[in-house]
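Undergrad: Contents are compact mmCIF, C-alpha atoms; file name final.txt:
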# COMPACT_ATOMS: atom_id res chain seq x y z
CA ARG A 1 0.00 0.00 0.00
CA ARG A 2 2.89 2.34 0.85
CA ALA A 3 4.39 1.82 -2.62
CA THR A 4 1.04 2.66 -4.17
CA MET A 5 0.80 5.87 -2.16
CA GLU A 6 4.31 6.88 -3.19
CA GLU A 7 3.48 6.18 -6.84
CA GLU A 8 0.33 8.34 -6.54
CA GLU A 9 2.36 11.17 -5.00
CA GLU A 10 4.99 10.94 -7.74
CA GLU A 11 2.22 11.12 -10.37
CA GLU A 12 0.71 14.18 -8.66
CA ASP A 13 4.11 15.87 -8.56
CA ALA A 14 4.86 15.15 -12.24
CA GLY A 15 4.10 17.70 -14.90
CA VAL A 16 4.42 20.78 -12.69
CA GLU A 17 4.79 24.04 -14.59
CA LEU A 18 6.78 26.85 -13.03
CA GLY A 19 6.29 30.60 -13.42
CA PHE A 20 9.16 33.09 -13.46
CA CYS A 21 9.00 36.89 -13.40
CA GLU A 22 10.32 38.65 -16.48
CA ALA A 23 10.43 42.43 -16.62
CA ILE A 24 8.53 44.12 -19.42
CA SER A 25 8.04 47.72 -20.44
CA GLU A 26 4.92 49.53 -19.27
CA ASP A 27 3.87 50.34 -22.83
CA ALA A 28 4.39 46.83 -24.19
CA VAL A 29 1.78 45.37 -26.49
CA LEU A 30 -0.66 43.52 -24.27
CA PHE A 31 -1.74 40.98 -26.85
CA GLU A 32 -0.29 40.55 -30.28
CA ARG A 33 -3.29 38.35 -30.92
CA GLU A 34 -6.63 38.24 -29.21
CA ASP A 35 -6.17 34.72 -27.87
CA TRP A 36 -5.30 35.41 -24.19
CA ARG A 37 -2.08 33.46 -23.91
CA ASP A 38 -0.47 35.61 -21.26
CA ALA A 39 0.12 35.63 -17.52
CA TRP A 40 1.49 38.44 -15.40
CA ASP A 41 1.89 39.69 -11.87
CA GLY A 42 1.12 42.90 -10.09
CA GLY A 43 4.30 44.92 -10.36
CA VAL A 44 3.05 47.46 -7.83
CA ALA A 45 0.80 47.30 -4.80
CA GLY A 46 -2.73 48.28 -5.63
CA GLY A 47 -2.37 47.33 -9.29
CA VAL A 48 -5.25 45.74 -11.14
CA ALA A 49 -5.59 42.66 -13.26
CA MET A 50 -6.55 42.84 -16.90
CA PRO A 51 -10.09 41.44 -16.75
CA LEU A 52 -10.97 38.72 -19.21
CA ILE A 53 -14.32 40.43 -19.64
CA PRO A 54 -14.20 44.18 -20.24
CA HIS A 55 -15.47 46.33 -17.36
CA ALA A 56 -15.92 43.36 -15.01
CA GLU A 57 -14.81 44.06 -11.44
CA GLU A 58 -12.35 41.45 -10.22
CA SER A 59 -11.14 42.65 -6.82
CA CYS A 60 -13.27 42.42 -3.71
CA CYS A 61 -12.39 45.95 -2.65
CA SER A 62 -10.57 48.98 -4.02
CA ARG A 63 -7.72 48.58 -1.51
CA ALA A 64 -6.83 45.03 -2.55
CA SER A 65 -3.29 44.48 -3.85
CA PHE A 66 -3.14 42.59 -7.13
CA LEU A 67 -0.57 39.79 -6.92
CA ALA A 68 -0.83 37.67 -10.06
CA GLN A 69 -3.09 36.59 -12.89
CA ILE A 70 -2.89 33.51 -15.10
CA TYR A 71 -4.71 32.45 -18.24
CA ALA A 72 -5.73 28.81 -17.73
CA PRO A 73 -8.21 27.60 -20.39
CA LEU A 74 -9.78 24.14 -20.16
CA ASP A 75 -10.88 21.69 -22.83
CA THR A 76 -14.04 21.00 -20.84
CA PRO A 77 -16.45 22.52 -20.15
CA ALA A 78 -16.78 24.41 -23.43
CA SER A 79 -17.68 27.53 -21.44
CA ALA A 80 -14.07 27.63 -20.12
CA PHE A 81 -12.43 28.06 -23.53
CA HIS A 82 -11.21 31.41 -22.14
CA ARG A 83 -10.46 31.22 -18.42
CA SER A 84 -8.63 33.66 -16.17
CA LEU A 85 -7.61 33.39 -12.50
CA ALA A 86 -6.47 36.51 -10.61
CA VAL A 87 -5.14 36.58 -7.03
CA TYR A 88 -5.45 39.59 -4.74
CA GLU A 89 -4.50 40.34 -1.15
CA CYS A 90 -7.46 42.07 0.46
CA PRO A 91 -6.92 43.96 3.75
CA ALA A 92 -10.36 42.92 4.97
CA HIS A 93 -10.63 39.32 3.74
CA GLY A 94 -7.07 38.14 3.12
CA PRO A 95 -6.01 36.41 -0.13
CA ARG A 96 -8.70 35.93 -2.76
CA CYS A 97 -8.81 34.33 -6.19
CA CYS A 98 -11.27 35.57 -8.82
CA ARG A 99 -12.26 33.32 -11.74
CA GLN A 100 -13.68 34.54 -15.04
CA GLN A 101 -14.43 32.42 -18.11
CA LEU A 102 -16.03 32.60 -21.54
CA PRO A 103 -16.94 30.10 -24.27
CA ARG A 104 -15.20 30.30 -27.62
CA GLU A 105 -18.23 31.99 -29.14
CA ASN A 106 -18.86 35.11 -27.07
CA GLU A 107 -19.76 38.77 -27.45
CA PHE A 108 -16.34 40.10 -26.44
CA TYR A 109 -13.72 38.31 -28.59
CA PRO A 110 -13.56 36.62 -32.00
CA SER A 111 -13.72 32.85 -32.10
CA GLU A 112 -10.46 32.69 -34.07
CA PRO A 113 -7.20 34.49 -33.16
CA SER A 114 -6.60 37.58 -35.21
CA ALA A 115 -3.23 39.19 -35.93
CA GLU A 116 -4.77 42.19 -37.65
CA ARG A 117 -4.71 44.47 -34.65
CA SER A 118 -2.86 44.83 -31.38
CA MET A 119 -4.04 46.34 -28.14
CA ARG A 120 -2.00 48.55 -25.85
CA ARG A 121 -3.10 49.00 -22.26
CA PRO A 122 -1.43 49.87 -18.98
CA ARG A 123 0.41 46.78 -17.91
CA PRO A 124 2.13 45.43 -14.77
CA HIS A 125 5.89 45.45 -14.50
CA PHE A 126 6.40 41.70 -14.89
CA GLU A 127 5.21 38.96 -17.15
CA ILE A 128 5.08 35.42 -15.79
CA VAL A 129 7.04 33.16 -18.13
CA VAL A 130 6.10 29.49 -17.82
CA GLU A 131 8.49 26.55 -18.06
CA SER A 132 8.27 22.88 -17.07
CA GLU A 133 9.85 22.03 -13.75
CA PRO A 134 13.30 20.48 -14.29
CA LYS A 135 13.91 17.04 -12.81
CA GLU A 136 17.24 18.15 -11.42
CA GLN A 137 18.66 21.37 -10.06
CA VAL A 138 19.54 23.89 -12.74
CA ILE A 139 21.84 26.87 -12.43
CA VAL A 140 19.86 30.07 -12.98
CA PRO A 141 20.60 33.68 -12.02
CA HIS A 142 19.27 34.40 -8.54
CA ARG A 143 17.46 37.69 -8.99
CA LEU A 144 15.84 38.19 -5.61
CA ASP A 145 16.84 41.09 -3.37
CA ASP A 146 17.36 38.77 -0.41
CA ASP A 147 18.40 35.13 -0.33
CA ASP A 148 15.07 33.32 0.03
CA SER A 149 16.27 29.92 -1.11
CA THR A 150 18.31 28.89 1.94
CA MET A 151 16.62 26.69 4.51
CA PRO A 152 16.46 28.40 7.92
CA GLN A 153 18.34 26.83 10.79
CA SER A 154 16.16 24.93 13.27
CA GLY A 155 18.52 24.98 16.25
CA ASP A 156 18.21 21.85 18.36
CA ASN A 157 14.94 20.84 16.74
CA PRO A 158 14.93 18.32 13.89
CA PRO A 159 14.14 19.93 10.52
CA ASP A 160 10.56 19.85 9.35
CA PRO A 161 10.43 17.24 6.53
CA GLU A 162 7.98 19.40 4.55
CA THR A 163 10.38 22.35 4.80
CA VAL A 164 13.28 20.18 3.64
CA ASP A 165 11.22 18.95 0.69
CA PHE A 166 10.17 22.51 -0.15
CA PHE A 167 13.72 23.84 -0.35
CA THR A 168 14.93 20.74 -2.17
CA ARG A 169 12.30 21.15 -4.88
CA VAL A 170 12.60 24.93 -5.15
CA ALA A 171 16.39 24.59 -5.49
CA ARG A 172 15.79 23.11 -8.96
CA ALA A 173 14.83 26.62 -10.08
CA PRO A 174 15.22 29.09 -7.19
CA SER A 175 13.61 32.13 -8.84
CA GLN A 176 10.23 30.46 -9.45
CA VAL A 177 7.24 32.45 -8.18
CA LEU A 178 4.38 30.16 -9.26
CA ARG A 179 3.76 26.42 -9.45
CA TYR A 180 0.89 25.10 -11.61
CA ARG A 181 -0.52 21.56 -11.65
CA ARG A 182 -4.30 21.31 -11.85
CA GLY A 183 -5.34 18.25 -9.91
CA GLY A 184 -1.89 17.94 -8.33
CA ARG A 185 -0.87 18.91 -4.82
CA PRO A 186 0.79 21.96 -3.30
CA LEU A 187 4.44 22.07 -2.32
CA TRP A 188 4.02 23.02 1.33
CA THR A 189 6.61 25.11 3.14
CA ARG A 190 5.89 23.43 6.51
CA SER A 191 3.96 20.52 7.99
CA SER A 192 1.28 22.69 9.56
CA PRO A 193 -1.08 24.30 9.23
CA LYS A 194 -2.64 22.71 6.15
CA PRO A 195 -6.23 22.83 4.97
CA THR A 196 -8.26 19.97 6.39
CA ASP A 197 -11.57 20.73 4.71
CA ILE A 198 -11.61 22.34 1.28
CA PRO A 199 -15.09 23.85 0.82
CA ASN A 200 -17.05 22.78 -2.24
CA CYS A 201 -17.92 25.34 -4.88
CA PRO A 202 -20.77 27.41 -3.41
CA ARG A 203 -22.34 27.90 -6.84
CA CYS A 204 -22.59 24.32 -8.17
CA GLY A 205 -21.56 22.15 -5.21
CA ALA A 206 -18.69 20.45 -7.05
CA PRO A 207 -15.50 19.71 -5.08
CA ARG A 208 -12.57 22.03 -5.42
CA HIS A 209 -9.12 20.73 -6.31
CA PHE A 210 -5.68 22.29 -6.17
CA GLU A 211 -4.70 24.20 -9.31
CA PHE A 212 -1.73 26.48 -8.56
CA GLN A 213 0.24 28.20 -5.81
CA LEU A 214 2.18 31.42 -5.39
CA LEU A 215 5.57 31.36 -3.67
CA PRO A 216 6.97 34.06 -1.36
CA GLN A 217 9.67 34.94 -3.89
CA LEU A 218 6.94 36.83 -5.74
CA LEU A 219 6.72 39.40 -2.93
CA TYR A 220 10.32 40.49 -3.51
CA TYR A 221 9.68 41.19 -7.17
CA LEU A 222 6.59 43.19 -6.26
CA LYS A 223 8.41 44.91 -3.38
CA LEU A 224 5.64 43.84 -1.03
CA HIS A 225 7.73 41.75 1.38
CA ASP A 226 7.41 44.42 4.08
CA GLU A 227 3.62 44.59 3.68
CA ILE A 228 2.43 41.07 2.87
CA ASP A 229 3.84 37.80 4.17
CA PHE A 230 3.08 34.16 3.43
CA GLY A 231 4.82 30.82 3.10
CA THR A 232 2.65 29.98 0.13
CA LEU A 233 -0.81 30.73 -1.25
CA ALA A 234 -2.48 27.54 -2.51
CA VAL A 235 -5.45 28.05 -4.84
CA TYR A 236 -8.22 25.43 -5.10
CA THR A 237 -10.74 25.83 -7.93
CA CYS A 238 -14.10 24.33 -8.86
CA ASP A 239 -13.53 20.93 -10.45
CA ALA A 240 -16.43 21.56 -12.83
CA SER A 241 -15.30 25.13 -13.58
CA CYS A 242 -18.98 26.02 -13.46
CA ASP A 243 -20.47 29.00 -15.25
CA PRO A 244 -21.16 32.26 -13.44
CA ALA A 245 -24.70 33.60 -13.36
CA SER A 246 -23.88 35.96 -16.20
CA ALA A 247 -20.93 36.54 -18.53
CA THR A 248 -19.73 39.55 -16.56
CA ASP A 249 -19.87 37.89 -13.12
CA VAL A 250 -16.74 36.87 -11.22
CA LEU A 251 -16.56 33.71 -9.10
CA LEU A 252 -14.42 33.50 -5.95
CA GLU A 253 -12.31 30.39 -5.48
CA PHE A 254 -10.70 29.07 -2.28
CA VAL A 255 -7.23 30.26 -1.28
CA PHE A 256 -5.31 28.77 1.64
CA ARG A 257 -2.58 30.90 3.14
CA GLN A 258 0.18 28.93 4.79
CA PRO A 259 2.20 31.21 7.09
CA PRO A 260 5.94 31.75 6.65
CA ILE A 261 8.26 29.00 7.79
CA ASP A 262 9.46 30.89 10.85
CA ALA A 263 5.99 32.06 11.95
CA GLU A 264 3.87 30.45 14.62
CA ASP A 265 0.82 28.50 13.47
CA ASP A 266 -2.22 30.65 12.87
CA ASP A 267 -5.70 30.31 11.41
CA SER A 268 -5.58 30.69 7.63
What is this file in structure tokens?
TA:
Amino acid sequence: RRATMEEEEEEEDAGVELGFCEAISEDAVLFEREDWRDAWDGGVAGGVAMPLIPHAEESCCSRASFLAQIYAPLDTPASAFHRSLAVYECPAHGPRCCRQQLPRENEFYPSEPSAERSMRRPRPHFEIVVESEPKEQVIVPHRLDDDDSTMPQSGDNPPDPETVDFFTRVARAPSQVLRYRRGGRPLWTRSSPKPTDIPNCPRCGAPRHFEFQLLPQLLYYLKLHDEIDFGTLAVYTCDASCDPASATDVLLEFVFRQPPIDAEDDDS
């Protein structure tokens, strides 16, 4: 049975995609084609995501800090042909993830990509570039302001096995800020706390499963490490990716905040 569990864990850990911050100019072309194949992060506190649906409100309050947004379309359902997930840090409610989606045939975008026109809009300072997780450690430039890839010393206490695993995996590509594996499992920074009861989708009742997580390295790029702190933010989304009530509605998904490695356990 133990071998089976280990095989299941290896399968869940396979196929992880990593996100890395890459600086871009503020006046860069947002989309060379209207096919939404971009991801980006906030760049500055209080920034806003580029909504999938024009004029839709994504943040839960005007004071929320935009952290990251990814474009994550699904083959099924057909209504998730375009699908966007944006993460904010809200002063009142903590981390939140907003989901928007559209079918291929919709009133906002053409059903086929078009290279005939480009759109320029205000844009965050960083684009998230996605690469597959390497199986072994790779040498990459370490671009963080502080060294966030060294495991903290535990004194006389034995090291937390989850913390050891976290730093071992992150060492394969130390500057990663995002890990994506829909249906996989998070890479936890510590053994506790962890979510014990992931709430089902309040709209359709379907279970939620892990889809992606943000790593604390992101806060250094956004210069938010003195304002926001987390070990990781793990995002769980509706397994059915159900439709909102209307095309312009935004659905909130479940985000679990695991505190920093050196923080005492708290309610997340």
Undergrad: Using all atoms listed in the file for the distances, tell me which of A:Glu17, A:Gln217, A:Tyr109, A:Leu252 is nearest to Ala86 (chain A).
TA: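 Residue with the minimum atom-to-atom distance to Ala86 (chain A): A:Leu252.
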Undergrad: Nearest residue to Pro199 (chain A) out of A:Ala14, A:Ala72, A:Cys238, A:Leu214, using only C-alpha atoms?
TA: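 Among the listed residues, the smallest separation from Pro199 (chain A) belongs to A:Cys238.
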Undergrad: Would you work out the distance separating CA of Leu224 (chain A) from CA of Arg169 (chain A), expressed in Å to one decimal?
TA: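 Taking CA of Leu224 (chain A) as the start and CA of Arg169 (chain A) as the end point, the length is 24.0 Å.
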Undergrad: Between CA of Tyr71 (chain A) and CA of Arg181 (chain A), what distance in Å does the model show, to one decimal?
TA: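 Computing it gives 13.4 Å between the two atoms.
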Undergrad: My list of candidates is A:Ser79, A:Glu131, A:Pro207, A:Ser65. Which is closest to Ser175 (chain A) when distances are computed with all atoms listed in the file?
TA: A:Glu131
Undergrad: Mind checking which residues fall within 6 Å of His209 (chain A), counting all atoms listed in the file, ignoring those fewer than 6 positions away in the same chain, and posting them as an NGL selection string?
TA: :A and (183 or 236-237)
Undergrad: Let me make sure I understand: among A:Ala171, A:Cys90, A:Ile24, A:Cys97, which one has the smallest atom-to-atom distance to Phe256 (chain A) if we use all atoms listed in the file?
TA: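 Under the stated criterion, the closest residue is A:Cys97.
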Undergrad: CA of Glu227 (chain A) and CA of Glu253 (chain A) are how many Å apart?
TA: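 Those two atoms sit 23.2 Å apart.
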Undergrad: Could you name the residues that touch Leu219 (chain A) at 8 Å or less, counting only C-alpha atoms, but leaving out those on the same chain fewer than 5 positions away, as a count of residues only?
TA: 4
Undergrad: Go through A:Thr248, A:Gln100, A:Gly19, A:Pro95 one by one, measure the shortest atom-to-atom distance of each to Pro73 (chain A) using all atoms listed in the file, and give the residue with the smallest value.
TA: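 Between A:Thr248, A:Gln100, A:Gly19, A:Pro95, the residue approaching Pro73 (chain A) most closely is A:Gln100.
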Undergrad: Could you tell me which of A:Pro193, A:Pro159, A:Pro110, A:Pro103 comes closest to Ala247 (chain A) if we count all atoms listed in the file?
TA: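 For Ala247 (chain A), the nearest of the given residues is A:Pro103.
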Undergrad: Counting all atoms listed in the file, which residues sit no farther than 10 Å from the position (-20.9, 33.8, -17.6) in the file's frame? I'd like them as a ChimeraX atom specification.
TA: /A:53,79-80,100-103,106,242-251
Undergrad: Go ahead and write the selection's residues with C-alpha atoms as a CSV table (one decimal), in the coordinates of the input.
TA:
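Result saved to selection-v2.csv:
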chain,number,residue,atom,x,y,z
A,53,ILE,CA,-14.3,40.4,-19.6
A,79,SER,CA,-17.7,27.5,-21.4
A,80,ALA,CA,-14.1,27.6,-20.1
A,100,GLN,CA,-13.7,34.5,-15.0
A,101,GLN,CA,-14.4,32.4,-18.1
A,102,LEU,CA,-16.0,32.6,-21.5
A,103,PRO,CA,-16.9,30.1,-24.3
A,106,ASN,CA,-18.9,35.1,-27.1
A,242,CYS,CA,-19.0,26.0,-13.5
A,243,ASP,CA,-20.5,29.0,-15.2
A,244,PRO,CA,-21.2,32.3,-13.4
A,245,ALA,CA,-24.7,33.6,-13.4
A,246,SER,CA,-23.9,36.0,-16.2
A,247,ALA,CA,-20.9,36.5,-18.5
A,248,THR,CA,-19.7,39.6,-16.6
A,249,ASP,CA,-19.9,37.9,-13.1
A,250,VAL,CA,-16.7,36.9,-11.2
A,251,LEU,CA,-16.6,33.7,-9.1
Undergrad: Which residues are close to Asp239 (chain A), i.e. within 10 Å by only C-alpha atoms, leaving aside same-chain residues fewer than 4 positions away? Reply as a ChimeraX atom specification.
TA: /A:182-183,200-201,204-211
Undergrad: Given the selection you just returned, output its residues as a file containing C-alpha atoms, formatted as a compact mmCIF listing (two decimals), in the coordinates of the input.
TA:
# COMPACT_ATOMS: atom_id res chain seq x y z
CA ARG A 182 -4.30 21.31 -11.85
CA GLY A 183 -5.34 18.25 -9.91
CA ASN A 200 -17.05 22.78 -2.24
CA CYS A 201 -17.92 25.34 -4.88
CA CYS A 204 -22.59 24.32 -8.17
CA GLY A 205 -21.56 22.15 -5.21
CA ALA A 206 -18.69 20.45 -7.05
CA PRO A 207 -15.50 19.71 -5.08
CA ARG A 208 -12.57 22.03 -5.42
CA HIS A 209 -9.12 20.73 -6.31
CA PHE A 210 -5.68 22.29 -6.17
CA GLU A 211 -4.70 24.20 -9.31
Undergrad: Find the spatial neighbours of Leu178 (chain A), counting only C-alpha atoms, within a cut-off of 12 Å - ignore same-chain residues fewer than 2 positions away - and output them as a short mmCIF file (atom, residue, chain, number, x, y, z; two decimals) with C-alpha atoms, in the coordinates of the input.
TA:
data_model
loop_
_atom_site.label_atom_id
_atom_site.label_comp_id
_atom_site.auth_asym_id
_atom_site.auth_seq_id
_atom_site.Cartn_x
_atom_site.Cartn_y
_atom_site.Cartn_z
CA VAL A 16 4.42 20.78 -12.69
CA GLU A 17 4.79 24.04 -14.59
CA LEU A 18 6.78 26.85 -13.03
CA GLY A 19 6.29 30.60 -13.42
CA PHE A 20 9.16 33.09 -13.46
CA CYS A 21 9.00 36.89 -13.40
CA ALA A 39 0.12 35.63 -17.52
CA TRP A 40 1.49 38.44 -15.40
CA ASP A 41 1.89 39.69 -11.87
CA LEU A 67 -0.57 39.79 -6.92
CA ALA A 68 -0.83 37.67 -10.06
CA GLN A 69 -3.09 36.59 -12.89
CA ILE A 70 -2.89 33.51 -15.10
CA VAL A 87 -5.14 36.58 -7.03
CA GLU A 127 5.21 38.96 -17.15
CA ILE A 128 5.08 35.42 -15.79
CA VAL A 129 7.04 33.16 -18.13
CA VAL A 130 6.10 29.49 -17.82
CA GLU A 131 8.49 26.55 -18.06
CA SER A 132 8.27 22.88 -17.07
CA GLU A 133 9.85 22.03 -13.75
CA VAL A 170 12.60 24.93 -5.15
CA ALA A 173 14.83 26.62 -10.08
CA PRO A 174 15.22 29.09 -7.19
CA SER A 175 13.61 32.13 -8.84
CA GLN A 176 10.23 30.46 -9.45
CA TYR A 180 0.89 25.10 -11.61
CA ARG A 181 -0.52 21.56 -11.65
CA PRO A 186 0.79 21.96 -3.30
CA LEU A 187 4.44 22.07 -2.32
CA GLU A 211 -4.70 24.20 -9.31
CA PHE A 212 -1.73 26.48 -8.56
CA GLN A 213 0.24 28.20 -5.81
CA LEU A 214 2.18 31.42 -5.39
CA LEU A 215 5.57 31.36 -3.67
CA PRO A 216 6.97 34.06 -1.36
CA GLN A 217 9.67 34.94 -3.89
CA LEU A 218 6.94 36.83 -5.74
CA LEU A 219 6.72 39.40 -2.93
CA THR A 232 2.65 29.98 0.13
CA LEU A 233 -0.81 30.73 -1.25
CA ALA A 234 -2.48 27.54 -2.51
CA VAL A 235 -5.45 28.05 -4.84
#
Undergrad: Could you rebuild region 69-78 of chain A with all heavy atoms and give it back as a PDB file, keeping the file's coordinate frame?
TA:
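Written out: rebuild34.pdb:
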ATOM      1  N   GLN A  69      -1.978  37.061 -12.079  1.00  0.00           N
ATOM      2  CA  GLN A  69      -3.090  36.590 -12.890  1.00  0.00           C
ATOM      3  C   GLN A  69      -2.556  35.594 -13.913  1.00  0.00           C
ATOM      4  O   GLN A  69      -1.486  35.803 -14.489  1.00  0.00           O
ATOM      5  CB  GLN A  69      -3.764  37.752 -13.612  1.00  0.00           C
ATOM      6  CG  GLN A  69      -4.934  37.335 -14.495  1.00  0.00           C
ATOM      7  CD  GLN A  69      -5.629  38.523 -15.132  1.00  0.00           C
ATOM      8  OE1 GLN A  69      -5.152  39.648 -15.016  1.00  0.00           O
ATOM      9  NE2 GLN A  69      -6.737  38.288 -15.803  1.00  0.00           N
ATOM     10  N   ILE A  70      -3.295  34.496 -14.109  1.00  0.00           N
ATOM     11  CA  ILE A  70      -2.890  33.510 -15.100  1.00  0.00           C
ATOM     12  C   ILE A  70      -4.058  33.236 -16.039  1.00  0.00           C
ATOM     13  O   ILE A  70      -5.224  33.377 -15.664  1.00  0.00           O
ATOM     14  CB  ILE A  70      -2.396  32.195 -14.471  1.00  0.00           C
ATOM     15  CG1 ILE A  70      -3.532  31.489 -13.699  1.00  0.00           C
ATOM     16  CG2 ILE A  70      -1.200  32.435 -13.574  1.00  0.00           C
ATOM     17  CD1 ILE A  70      -3.159  30.091 -13.242  1.00  0.00           C
ATOM     18  N   TYR A  71      -3.722  32.872 -17.259  1.00  0.00           N
ATOM     19  CA  TYR A  71      -4.710  32.450 -18.240  1.00  0.00           C
ATOM     20  C   TYR A  71      -4.648  30.930 -18.282  1.00  0.00           C
ATOM     21  O   TYR A  71      -3.618  30.349 -18.642  1.00  0.00           O
ATOM     22  CB  TYR A  71      -4.391  33.049 -19.598  1.00  0.00           C
ATOM     23  CG  TYR A  71      -5.312  32.592 -20.704  1.00  0.00           C
ATOM     24  CD1 TYR A  71      -6.652  32.963 -20.697  1.00  0.00           C
ATOM     25  CD2 TYR A  71      -4.847  31.808 -21.746  1.00  0.00           C
ATOM     26  CE1 TYR A  71      -7.497  32.545 -21.718  1.00  0.00           C
ATOM     27  CE2 TYR A  71      -5.690  31.389 -22.759  1.00  0.00           C
ATOM     28  CZ  TYR A  71      -7.020  31.761 -22.743  1.00  0.00           C
ATOM     29  OH  TYR A  71      -7.865  31.356 -23.741  1.00  0.00           O
ATOM     30  N   ALA A  72      -5.737  30.260 -17.874  1.00  0.00           N
ATOM     31  CA  ALA A  72      -5.730  28.810 -17.730  1.00  0.00           C
ATOM     32  C   ALA A  72      -6.969  28.206 -18.369  1.00  0.00           C
ATOM     33  O   ALA A  72      -7.898  27.772 -17.687  1.00  0.00           O
ATOM     34  CB  ALA A  72      -5.664  28.436 -16.251  1.00  0.00           C
ATOM     35  N   PRO A  73      -7.035  28.167 -19.714  1.00  0.00           N
ATOM     36  CA  PRO A  73      -8.210  27.600 -20.390  1.00  0.00           C
ATOM     37  C   PRO A  73      -8.305  26.100 -20.181  1.00  0.00           C
ATOM     38  O   PRO A  73      -7.308  25.421 -19.924  1.00  0.00           O
ATOM     39  CB  PRO A  73      -7.948  27.945 -21.860  1.00  0.00           C
ATOM     40  CG  PRO A  73      -6.450  28.010 -21.959  1.00  0.00           C
ATOM     41  CD  PRO A  73      -5.977  28.576 -20.655  1.00  0.00           C
ATOM     42  N   LEU A  74      -9.532  25.570 -20.300  1.00  0.00           N
ATOM     43  CA  LEU A  74      -9.780  24.140 -20.160  1.00  0.00           C
ATOM     44  C   LEU A  74     -10.447  23.599 -21.420  1.00  0.00           C
ATOM     45  O   LEU A  74     -11.182  24.320 -22.101  1.00  0.00           O
ATOM     46  CB  LEU A  74     -10.682  23.874 -18.951  1.00  0.00           C
ATOM     47  CG  LEU A  74     -10.172  24.353 -17.587  1.00  0.00           C
ATOM     48  CD1 LEU A  74     -11.221  24.075 -16.512  1.00  0.00           C
ATOM     49  CD2 LEU A  74      -8.849  23.697 -17.226  1.00  0.00           C
ATOM     50  N   ASP A  75     -10.205  22.334 -21.702  1.00  0.00           N
ATOM     51  CA  ASP A  75     -10.880  21.690 -22.830  1.00  0.00           C
ATOM     52  C   ASP A  75     -12.359  21.480 -22.534  1.00  0.00           C
ATOM     53  O   ASP A  75     -13.206  21.570 -23.419  1.00  0.00           O
ATOM     54  CB  ASP A  75     -10.216  20.351 -23.156  1.00  0.00           C
ATOM     55  CG  ASP A  75      -8.809  20.525 -23.693  1.00  0.00           C
ATOM     56  OD1 ASP A  75      -8.534  21.573 -24.301  1.00  0.00           O
ATOM     57  OD2 ASP A  75      -7.980  19.616 -23.487  1.00  0.00           O
ATOM     58  N   THR A  76     -12.644  21.150 -21.278  1.00  0.00           N
ATOM     59  CA  THR A  76     -14.040  21.000 -20.840  1.00  0.00           C
ATOM     60  C   THR A  76     -14.190  21.699 -19.495  1.00  0.00           C
ATOM     61  O   THR A  76     -13.257  21.662 -18.674  1.00  0.00           O
ATOM     62  CB  THR A  76     -14.429  19.520 -20.694  1.00  0.00           C
ATOM     63  OG1 THR A  76     -13.531  18.869 -19.789  1.00  0.00           O
ATOM     64  CG2 THR A  76     -14.415  18.823 -22.039  1.00  0.00           C
ATOM     65  N   PRO A  77     -15.310  22.355 -19.253  1.00  0.00           N
ATOM     66  CA  PRO A  77     -16.450  22.520 -20.150  1.00  0.00           C
ATOM     67  C   PRO A  77     -16.140  23.505 -21.276  1.00  0.00           C
ATOM     68  O   PRO A  77     -15.171  24.269 -21.192  1.00  0.00           O
ATOM     69  CB  PRO A  77     -17.536  23.074 -19.214  1.00  0.00           C
ATOM     70  CG  PRO A  77     -16.759  23.864 -18.211  1.00  0.00           C
ATOM     71  CD  PRO A  77     -15.507  23.063 -17.977  1.00  0.00           C
ATOM     72  N   ALA A  78     -16.993  23.515 -22.295  1.00  0.00           N
ATOM     73  CA  ALA A  78     -16.780  24.410 -23.430  1.00  0.00           C
ATOM     74  C   ALA A  78     -16.862  25.874 -23.015  1.00  0.00           C
ATOM     75  O   ALA A  78     -16.276  26.733 -23.665  1.00  0.00           O
ATOM     76  CB  ALA A  78     -17.826  24.123 -24.515  1.00  0.00           C
TER      77      ALA A  78
END
